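Remarks on the structure that follows.
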Amino acid sequence: MLNLFEREKLELETLSQEQTAINVEHLDLWFGNKQVLDDVSMRIPKHQITAFIGQSGCGKSTLISSFNRMNDLIDGCRYRGSIEIDGRDINHPRENVARLRANVGMVFQRPNPFPMSIYDNVCYGLKLQGMNLRRALDDAVEQALRDAALWDEVKDRLFESANILSGGQQQRLVFARALALQPEILLLDEPTSALDPLTTLYIEELMINLKKRCTVVIVTHNMQQAARVSDYTAFINQGRLIEYADSDSLFTMPRKKQTEDYITGRYG
């Protein structure tokens with residue numbers, strides 16, 4: 001049961017480099033003249049689920065999109081500060097962004113399968129990386145679909161269009177496409193907001209299983225979801241990191257009044 005999931009608590013302030021998946025230090029980010037992130041510093045632990053909560057427009061999605069440089073695609077984006085993954089500043093001009101995005105996968109709010117077969121969706125990134133041996137591709141596709149809890153539902157129709165799948169199946173297909181590249185970090189931006197409650201539960205169980213093999217960071221408006229699945233939660237307000245703690249503590253004994261007001265529904 002999700003609510004019985006036992007969490008290993010780490011002291012975020014004293015995480016070693018070996019325990020840290022993402023190290024953010026004094027990150028400021030602007031789109032044009034608008035500052036969206038303001039002096040954000042945090043260490044995200046490896047093989048844990050970290051949730052970002054806060055009002056719409058508070059900077060959650062911008063922050064998570066900084067971890068694989070998706071914000072680079074937005075005109076006028078500039079930043080100050082650093083984000084380190086595996087000891088590298090990912091904003092360094094010589095950073096290989098294609099390699100970064102293979103290592104730091106991302107799943108968005110709405111399912112976005114490519115207009116091709118289920119099989120080709122899953123192995124799309126692998127082919128871009130130069131994997132062309134059919135046996136290797138077959139094995140990778142099967143493993144990724146198994147990891148995404150979708151294999152049994154699609155194994156007999158791999159070469160049919162991904163558009164035949166339901167919304168929940170398409171979202172798990174997108175998970176499989178990201179997992180095929182064996183990322184060390186998986187970013188999830190509101191991955192269940194467009195799904196029904198049963199499929200949401202399916203995805204939440206998938207997230208918990210995935211942290212055995214990668215670090216998971218999720219943006220969610222659903223505080224109950226954050227409390228159910230995450231080990232750590234960060235509350236963000238107006239681009240600033242207000243509070244960041246293990247989820248049990250943050251939701252039951254928040255240290256900051258702003259956090260308490262938000263999680264108790266006094267604003268937001």
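By order of appearance in the structure tokens: chains A, B, ..., then residues from 1 within every chain, and ligands from 1 in the order shown.
Within 9 Å of A:Lys155, once only C-alpha atoms are used and residues closer than 5 positions along the same chain are dropped, the contacting residues are Glu142, Leu145 and Leu150 of chain A.
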Among stretch 25-230 of chain A, which residues carry a DSSP assignment of strand (DSSP E or B), reported as JSON, numbers by chain?
-> {"A": [25, 26, 27, 28, 29, 30, 31, 34, 35, 36, 37, 38, 39, 40, 41, 42, 43, 44, 45, 49, 50, 51, 52, 53, 77, 78, 79, 80, 81, 82, 83, 84, 85, 88, 89, 104, 105, 106, 107, 117, 161, 185, 186, 187, 188, 189, 215, 216, 217, 218, 219]}
Export C-alpha atoms of the chosen residues as a tab-separated table (two decimals), in the first residue's frame?
```
chain	number	residue	atom	x	y	z
A	25	GLU	CA	23.12	26.64	-5.78
A	26	HIS	CA	21.79	30.21	-5.81
A	27	LEU	CA	19.83	29.73	-9.02
A	28	ASP	CA	18.18	32.83	-10.50
A	29	LEU	CA	16.31	32.56	-13.80
A	30	TRP	CA	14.67	35.16	-16.02
A	31	PHE	CA	12.47	35.02	-19.10
A	34	LYS	CA	10.68	38.73	-15.69
A	35	GLN	CA	12.47	36.90	-12.89
A	36	VAL	CA	10.88	33.49	-12.40
A	37	LEU	CA	13.32	31.83	-9.95
A	38	ASP	CA	14.95	33.73	-7.11
A	39	ASP	CA	18.04	32.39	-5.32
A	40	VAL	CA	17.00	28.71	-5.22
A	41	SER	CA	19.45	26.37	-3.47
A	42	MET	CA	18.71	22.71	-2.77
A	43	ARG	CA	20.20	19.23	-2.86
A	44	ILE	CA	18.00	16.50	-4.33
A	45	PRO	CA	18.89	13.01	-3.02
A	49	ILE	CA	11.13	10.87	-4.95
A	50	THR	CA	11.16	14.64	-4.51
A	51	ALA	CA	7.97	16.63	-5.10
A	52	PHE	CA	7.60	20.32	-5.92
A	53	ILE	CA	4.36	21.92	-4.74
A	77	CYS	CA	15.90	32.69	-20.95
A	78	ARG	CA	18.95	33.57	-18.87
A	79	TYR	CA	20.17	32.35	-15.53
A	80	ARG	CA	22.70	32.85	-12.79
A	81	GLY	CA	23.94	30.28	-10.30
A	82	SER	CA	24.70	26.61	-10.86
A	83	ILE	CA	23.06	23.20	-11.24
A	84	GLU	CA	25.39	20.24	-10.82
A	85	ILE	CA	24.66	16.66	-11.85
A	88	ARG	CA	29.24	18.80	-13.68
A	89	ASP	CA	27.69	22.23	-14.04
A	104	VAL	CA	17.75	13.26	-17.35
A	105	GLY	CA	14.48	12.09	-18.90
A	106	MET	CA	11.22	14.03	-18.77
A	107	VAL	CA	7.51	13.21	-18.88
A	117	SER	CA	4.09	2.65	-33.84
A	161	SER	CA	-0.05	3.13	-34.04
A	185	ILE	CA	17.05	11.06	-13.23
A	186	LEU	CA	13.40	11.17	-14.32
A	187	LEU	CA	11.52	14.49	-14.26
A	188	LEU	CA	7.72	14.36	-14.12
A	189	ASP	CA	5.78	17.57	-14.75
A	215	THR	CA	15.96	9.53	-9.00
A	216	VAL	CA	12.43	10.89	-9.50
A	217	VAL	CA	11.44	14.56	-9.32
A	218	ILE	CA	7.76	15.42	-9.70
A	219	VAL	CA	5.81	18.66	-10.03
```
Find the distance between atom CA of A:Gln143 and atom CA of A:Val122 and write it in Å to one decimal.
->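 Answer for the atom CA of A:Gln143 to atom CA of A:Val122 separation: 10.2 Å.
If you measure from each of A:Glu205, A:Ala176, A:Arg69, A:Pro111 to A:Glu95 using only C-alpha atoms, the closest one turns out to be A:Arg69.
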Exercise: A:Gly54 partners within 7 Å, only C-alpha atoms, chain neighbours under 4 positions left out, as number ranges by chain = A: 58, 221, 235-237
Dump of N, CA and C atoms for the selected residues, as a JSON list (two decimals), in the first residue's frame:
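As a result, out-v3.json now contains:
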```
[["chain", "number", "residue", "atom", "x", "y", "z"],
["A", 58, "CYS", "N", 4.15, 29.56, -9.83],
["A", 58, "CYS", "CA", 5.12, 29.86, -8.77],
["A", 58, "CYS", "C", 6.55, 29.54, -9.18],
["A", 221, "HIS", "N", 0.24, 19.61, -8.47],
["A", 221, "HIS", "CA", -0.68, 20.49, -7.75],
["A", 221, "HIS", "C", -1.42, 19.72, -6.67],
["A", 235, "PHE", "N", 8.29, 23.28, -1.09],
["A", 235, "PHE", "CA", 7.21, 24.25, -1.31],
["A", 235, "PHE", "C", 7.83, 25.51, -1.91],
["A", 236, "ILE", "N", 7.32, 25.89, -3.06],
["A", 236, "ILE", "CA", 7.84, 27.03, -3.81],
["A", 236, "ILE", "C", 6.76, 28.09, -3.90],
["A", 237, "ASN", "N", 7.13, 29.34, -3.69],
["A", 237, "ASN", "CA", 6.16, 30.43, -3.77],
["A", 237, "ASN", "C", 6.84, 31.64, -4.41]]
```
Write out as a PyMOL selection string each polymer residue whose atoms come within 8 Å of A:Leu137, counting only C-alpha atoms; drop sequence neighbours fewer than 6 positions from it.
-> chain A and resi 123+126+131
DSSP alpha helix (DSSP H) residues within stretch 109-259 of chain A, as an MDAnalysis selection string | chainID A and resid 118:128 134:147 151:154 167:179 197:210 223:229 247:252 257:259
Residue contacts of A:Gly87 (10 Å, only C-alpha atoms) excluding same-chain residues fewer than 6 positions away, as a PyMOL selection string = chain A and resi 17-18+20-23
For each of A:Ala148, A:Ala226, A:Leu195, A:Ala180, take the minimum atom-to-atom distance to A:Gly168, counting only C-alpha atoms, then give the residue where this is smallest.
->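 Looking at the shortest contact to A:Gly168, the residue is A:Leu195.
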Between A:Gln170, A:Gly76, A:Gly59, A:Leu12, which is the closest to A:Asn33 once you count only C-alpha atoms?
->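 Looking at the shortest contact to A:Asn33, the residue is A:Gly76.
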Could you tell me which of A:Gln109, A:Gln129, A:Thr259, A:Ser230 comes closest to A:Glu243 if we count only C-alpha atoms?
->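 For A:Glu243, the nearest of the given residues is A:Thr259.
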